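To start, the structure under review is shown below, and the notes come after it.
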Amino acid sequence: MFRNQYDTDVTVWSPEGRLLQVEYAMESVKQGSACVGLRSNKYAVLGALKRSVSELSSHQKKLLEIDDHIGVGIAGLTADARSLAKYMRNECLNHKYIYGAPLPPHHLMGDLADKHQRTTQTYVRRPFGVGLLVASIDPRSQKPHLYQTCPSGNLYEYYASAVGARSQSARTYLEKHVDTFPEASRDDLIVHALQALVGSVSGDDELTKENASIMVVGTDEKLVLIEGEELQPFLDRLELKANDDEAEDDQEEVEDYVEAMEES
């Protein structure tokens, strides 16, 4: 009802108490390709679906390196994400230059959330149309962390999360298996991330080494990006797991049928 009158400026409240321009920015995050994140007691893993604008183009990068202990997955406007990634890299470099130590991730995330929030209170700028999943290792406690930012300036810490288009199926998978994540190995977390992404692939497409990418950081491992041929062994393992699950389901159906016949 009031949308057309109160969505022309980010600083204008609607009578319903909403900032419509901020909500539009949050909608752009939902339109971006899916990105998932999860962590165990030792590792944090990001997984992302890469898009290509046509068959003649390469796939767009969705996972960005910030520092040896911080990586970012994006959903939304890639150009906005590059701007935020540049800011985060500068903050990490400045902290390392002044203090001679890596920047604690919770400090960086607080500053990043403030940067998001300032654009919602200033009429000369629009909100950032991108949501970030940030996987990191705290250099002091040596514990993994997973954060999620929002165009509104909200900041959340998660055990596992997913953002982007068709991410609900990924969240459902993560919620179903979240109890296994704390003690999971590095390879198991990667397989879980890929499995969560499977449900977010559009149409008849499949998850392949071309359109998927993984980023891992751990207490004993610096940030590493896994894609292309390096990712293929994990996709093969995912296919084997799917075949095993299908065989188990078939076996259960046979057993149920036999029981039903015996009772009759």
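Each chain of the structure tokens is named A, B, ... in the order shown, its residues numbered from 1; ligands are numbered from 1 in display order.
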
- What's the 12 Å shell around Tyr158 in chain A, counting only C-alpha atoms, without same-chain residues fewer than 2 positions away, as a list in words?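 The residues that qualify are Val36, Gly37, Leu38, Arg39, Ser40, Ala44, Leu133, Val134, Ala135, Ser136, Pro144, His145, Leu146, Tyr147, Gln148, Thr149, Leu155, Tyr156, Ala160, Ser161, Ala162, Arg171, Leu174, Glu175, Val178 and Phe181 of chain A.
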
- Task: For range 84-98 of chain A, list every protein, DNA or RNA residue within 8 Å, evaluated using only C-alpha atoms, and leave out those in the same chain fewer than 2 positions away; present the list as a PyMOL selection string.
- Result: chain A and resi 64+66-67+72+80-82+100-103+108+112

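If you count only C-alpha atoms and ignore residues fewer than 6 places along the chain from Gln31 in chain A, what sits within 7 Å of it is Gly76, Gly164 and Ala165 of chain A.
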
Kindly export the residues of the current selection with N, CA and C atoms, as a PDB file, in the first residue's frame.
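The resulting file, out.pdb, is shown below:
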ATOM      1  N   GLY A  76      24.784 -12.438  -3.812  1.00  0.00           N
ATOM      2  CA  GLY A  76      24.272 -11.117  -4.116  1.00  0.00           C
ATOM      3  C   GLY A  76      25.100 -10.451  -5.191  1.00  0.00           C
ATOM      4  N   GLY A 164      21.447 -17.329  -0.265  1.00  0.00           N
ATOM      5  CA  GLY A 164      21.323 -17.322  -1.710  1.00  0.00           C
ATOM      6  C   GLY A 164      20.082 -18.029  -2.205  1.00  0.00           C
ATOM      7  N   ALA A 165      19.973 -18.129  -3.530  1.00  0.00           N
ATOM      8  CA  ALA A 165      18.803 -18.734  -4.165  1.00  0.00           C
ATOM      9  C   ALA A 165      18.734 -20.232  -3.864  1.00  0.00           C
TER      10      ALA A 165
END

- Message: If we count only C-alpha atoms and set the cut-off at 8 Å, which residues sit around Leu197 in chain A, ignoring sequence neighbours fewer than 3 positions away in its own chain? Please answer as a PyMOL selection string.
- Response: chain A and resi 34-36+47-49+170+193-194+200-201+207

For the selection just defined, write its residues with N, CA and C atoms to a file, as a PDB file, in the first residue's frame.
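The result, stored in again_4.pdb:
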ATOM      1  N   ALA A  34      23.763 -19.846  -4.516  1.00  0.00           N
ATOM      2  CA  ALA A  34      23.842 -20.335  -3.138  1.00  0.00           C
ATOM      3  C   ALA A  34      25.275 -20.451  -2.632  1.00  0.00           C
ATOM      4  N   CYS A  35      25.413 -20.220  -1.342  1.00  0.00           N
ATOM      5  CA  CYS A  35      26.692 -20.374  -0.654  1.00  0.00           C
ATOM      6  C   CYS A  35      26.409 -20.983   0.719  1.00  0.00           C
ATOM      7  N   VAL A  36      27.190 -21.972   1.117  1.00  0.00           N
ATOM      8  CA  VAL A  36      26.998 -22.632   2.415  1.00  0.00           C
ATOM      9  C   VAL A  36      28.283 -22.546   3.227  1.00  0.00           C
ATOM     10  N   GLY A  47      31.334 -23.469   0.952  1.00  0.00           N
ATOM     11  CA  GLY A  47      31.063 -24.047  -0.364  1.00  0.00           C
ATOM     12  C   GLY A  47      30.176 -23.104  -1.146  1.00  0.00           C
ATOM     13  N   ALA A  48      30.397 -23.001  -2.467  1.00  0.00           N
ATOM     14  CA  ALA A  48      29.619 -22.061  -3.262  1.00  0.00           C
ATOM     15  C   ALA A  48      29.363 -22.608  -4.655  1.00  0.00           C
ATOM     16  N   LEU A  49      28.219 -22.200  -5.207  1.00  0.00           N
ATOM     17  CA  LEU A  49      27.893 -22.476  -6.605  1.00  0.00           C
ATOM     18  C   LEU A  49      28.327 -21.284  -7.448  1.00  0.00           C
ATOM     19  N   ALA A 170      19.461 -26.470   1.332  1.00  0.00           N
ATOM     20  CA  ALA A 170      20.773 -26.603   1.957  1.00  0.00           C
ATOM     21  C   ALA A 170      20.672 -26.443   3.465  1.00  0.00           C
ATOM     22  N   ALA A 193      29.382 -30.093   2.829  1.00  0.00           N
ATOM     23  CA  ALA A 193      29.153 -28.827   2.130  1.00  0.00           C
ATOM     24  C   ALA A 193      28.681 -29.074   0.701  1.00  0.00           C
ATOM     25  N   LEU A 194      29.302 -30.026   0.013  1.00  0.00           N
ATOM     26  CA  LEU A 194      28.906 -30.346  -1.358  1.00  0.00           C
ATOM     27  C   LEU A 194      27.500 -30.949  -1.392  1.00  0.00           C
ATOM     28  N   SER A 200      20.648 -27.074  -4.132  1.00  0.00           N
ATOM     29  CA  SER A 200      20.522 -25.676  -4.532  1.00  0.00           C
ATOM     30  C   SER A 200      20.866 -25.449  -6.002  1.00  0.00           C
ATOM     31  N   VAL A 201      21.243 -26.521  -6.712  1.00  0.00           N
ATOM     32  CA  VAL A 201      21.562 -26.397  -8.130  1.00  0.00           C
ATOM     33  C   VAL A 201      20.272 -26.180  -8.908  1.00  0.00           C
ATOM     34  N   LEU A 207      25.934 -30.748  -9.944  1.00  0.00           N
ATOM     35  CA  LEU A 207      27.104 -30.196  -9.271  1.00  0.00           C
ATOM     36  C   LEU A 207      28.358 -30.793  -9.904  1.00  0.00           C
TER      37      LEU A 207
END

- Task: Fewer than 2 positions away in the same chain doesn't count, so skip those; otherwise give me all residues within 8 Å of range 227-240 of chain A, counting only C-alpha atoms, as a ChimeraX atom specification.
- Result: /A:187,190-191,194-195,208-210,212-214,225,242-244

I need the residues from that last selection saved to file as a PDB file, in the first residue's frame (with N, CA, C and O atoms), if you can.
ATOM      1  N   ASP A 187      37.736 -33.759   5.520  1.00  0.00           N
ATOM      2  CA  ASP A 187      37.128 -34.287   4.296  1.00  0.00           C
ATOM      3  C   ASP A 187      35.623 -34.482   4.458  1.00  0.00           C
ATOM      4  O   ASP A 187      34.855 -34.257   3.521  1.00  0.00           O
ATOM      5  N   ILE A 190      33.849 -31.211   3.989  1.00  0.00           N
ATOM      6  CA  ILE A 190      33.786 -30.832   2.572  1.00  0.00           C
ATOM      7  C   ILE A 190      32.660 -31.582   1.871  1.00  0.00           C
ATOM      8  O   ILE A 190      31.898 -31.003   1.091  1.00  0.00           O
ATOM      9  N   VAL A 191      32.534 -32.872   2.155  1.00  0.00           N
ATOM     10  CA  VAL A 191      31.463 -33.670   1.548  1.00  0.00           C
ATOM     11  C   VAL A 191      30.092 -33.166   2.004  1.00  0.00           C
ATOM     12  O   VAL A 191      29.149 -33.080   1.207  1.00  0.00           O
ATOM     13  N   LEU A 194      29.302 -30.026   0.013  1.00  0.00           N
ATOM     14  CA  LEU A 194      28.906 -30.346  -1.358  1.00  0.00           C
ATOM     15  C   LEU A 194      27.500 -30.949  -1.392  1.00  0.00           C
ATOM     16  O   LEU A 194      26.701 -30.627  -2.275  1.00  0.00           O
ATOM     17  N   GLN A 195      27.203 -31.816  -0.428  1.00  0.00           N
ATOM     18  CA  GLN A 195      25.872 -32.423  -0.377  1.00  0.00           C
ATOM     19  C   GLN A 195      24.798 -31.368  -0.145  1.00  0.00           C
ATOM     20  O   GLN A 195      23.704 -31.434  -0.727  1.00  0.00           O
ATOM     21  N   THR A 208      29.210 -29.948 -10.453  1.00  0.00           N
ATOM     22  CA  THR A 208      30.415 -30.402 -11.142  1.00  0.00           C
ATOM     23  C   THR A 208      31.631 -29.637 -10.639  1.00  0.00           C
ATOM     24  O   THR A 208      31.503 -28.674  -9.873  1.00  0.00           O
ATOM     25  N   LYS A 209      32.800 -30.059 -11.109  1.00  0.00           N
ATOM     26  CA  LYS A 209      34.035 -29.379 -10.717  1.00  0.00           C
ATOM     27  C   LYS A 209      34.128 -27.978 -11.322  1.00  0.00           C
ATOM     28  O   LYS A 209      34.920 -27.154 -10.866  1.00  0.00           O
ATOM     29  N   GLU A 210      33.292 -27.693 -12.365  1.00  0.00           N
ATOM     30  CA  GLU A 210      33.300 -26.367 -12.977  1.00  0.00           C
ATOM     31  C   GLU A 210      32.446 -25.362 -12.209  1.00  0.00           C
ATOM     32  O   GLU A 210      32.809 -24.189 -12.116  1.00  0.00           O
ATOM     33  N   ALA A 212      31.307 -25.675  -8.920  1.00  0.00           N
ATOM     34  CA  ALA A 212      31.398 -25.751  -7.461  1.00  0.00           C
ATOM     35  C   ALA A 212      32.798 -25.356  -6.999  1.00  0.00           C
ATOM     36  O   ALA A 212      33.777 -25.545  -7.728  1.00  0.00           O
ATOM     37  N   SER A 213      32.881 -24.806  -5.809  1.00  0.00           N
ATOM     38  CA  SER A 213      34.175 -24.480  -5.213  1.00  0.00           C
ATOM     39  C   SER A 213      34.073 -24.589  -3.702  1.00  0.00           C
ATOM     40  O   SER A 213      33.008 -24.372  -3.126  1.00  0.00           O
ATOM     41  N   ILE A 214      35.193 -24.927  -3.094  1.00  0.00           N
ATOM     42  CA  ILE A 214      35.269 -25.126  -1.645  1.00  0.00           C
ATOM     43  C   ILE A 214      36.452 -24.345  -1.092  1.00  0.00           C
ATOM     44  O   ILE A 214      37.513 -24.264  -1.716  1.00  0.00           O
ATOM     45  N   LEU A 225      41.872 -22.809  -1.228  1.00  0.00           N
ATOM     46  CA  LEU A 225      40.741 -22.885  -2.147  1.00  0.00           C
ATOM     47  C   LEU A 225      40.841 -24.179  -2.946  1.00  0.00           C
ATOM     48  O   LEU A 225      41.886 -24.484  -3.517  1.00  0.00           O
ATOM     49  N   ALA A 242      25.893 -41.233  -2.378  1.00  0.00           N
ATOM     50  CA  ALA A 242      24.509 -41.209  -2.876  1.00  0.00           C
ATOM     51  C   ALA A 242      24.075 -42.608  -3.322  1.00  0.00           C
ATOM     52  O   ALA A 242      22.945 -43.038  -3.064  1.00  0.00           O
ATOM     53  N   ASN A 243      24.979 -43.340  -3.975  1.00  0.00           N
ATOM     54  CA  ASN A 243      24.661 -44.708  -4.420  1.00  0.00           C
ATOM     55  C   ASN A 243      24.436 -45.633  -3.231  1.00  0.00           C
ATOM     56  O   ASN A 243      23.532 -46.482  -3.239  1.00  0.00           O
ATOM     57  N   ASP A 244      25.268 -45.483  -2.189  1.00  0.00           N
ATOM     58  CA  ASP A 244      25.113 -46.307  -0.984  1.00  0.00           C
ATOM     59  C   ASP A 244      23.783 -46.029  -0.303  1.00  0.00           C
ATOM     60  O   ASP A 244      23.083 -46.949   0.146  1.00  0.00           O
TER      61      ASP A 244
END

- Could you write out, as number ranges by chain, all the residues of range 39-198 of chain A that DSSP marks as strand (DSSP E)? A: 39, 43-49, 63-67, 70-76, 130-137, 144-149, 155-157, 160-163

- For Arg140 in chain A, which of A:Arg125, A:His106, A:Lys241, A:Lys115 is the closest residue, counting only C-alpha atoms? A:His106

- Go ahead and compute the interatomic distance for CA of Pro182 in chain A and CA of Asn41 in chain A, in Å to one decimal. 5.1 Å

- Message: From the options A:Ile137, A:Thr122, A:Gly131, A:Ser169, which residue's atoms come nearest to Gly199 in chain A, counting only C-alpha atoms?
- Response: A:Ser169

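With only C-alpha atoms as the atoms that count, the minimum distance from Thr120 in chain A to the choices A:Gln142, A:Ser185, A:Asn211, A:Thr11 is reached by A:Thr11.
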
- Which of range 171-202 of chain A counts as helix (DSSP H, G or I) under DSSP, as a PyMOL selection string please? chain A and resi 171-180+186-198

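When CA of Asp111 in chain A is paired with CA of Ser14 in chain A, their separation reads 28.0 Å.
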
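Of the residues under consideration (A:Val163, A:Ser152, A:Pro127, A:Glu157), A:Val163 shows the shortest atom-to-atom contact distance to Gly73 in chain A when counting only C-alpha atoms.
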
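Omitting Arg51 in chain A and its sequence neighbours fewer than 2 positions away, and counting only C-alpha atoms, the residues within 9 Å are Ser33, Leu49, Val53, Ser54, Ser58, His59, Gln60, Lys61, Lys62 and Asn211 of chain A.
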
- So, counting only C-alpha atoms, which residue among A:Asp179, A:Asp220, A:Asp205, A:Asp114 is closest to Gly153 in chain A? A:Asp114

- Task: Pick out the closest residue to Met26 in chain A from this set: A:Ser57, A:Ser202, A:Asn154, A:Thr219. Count only C-alpha atoms.
- Result: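 Of the candidates, the smallest distance to Met26 in chain A is held by A:Asn154.
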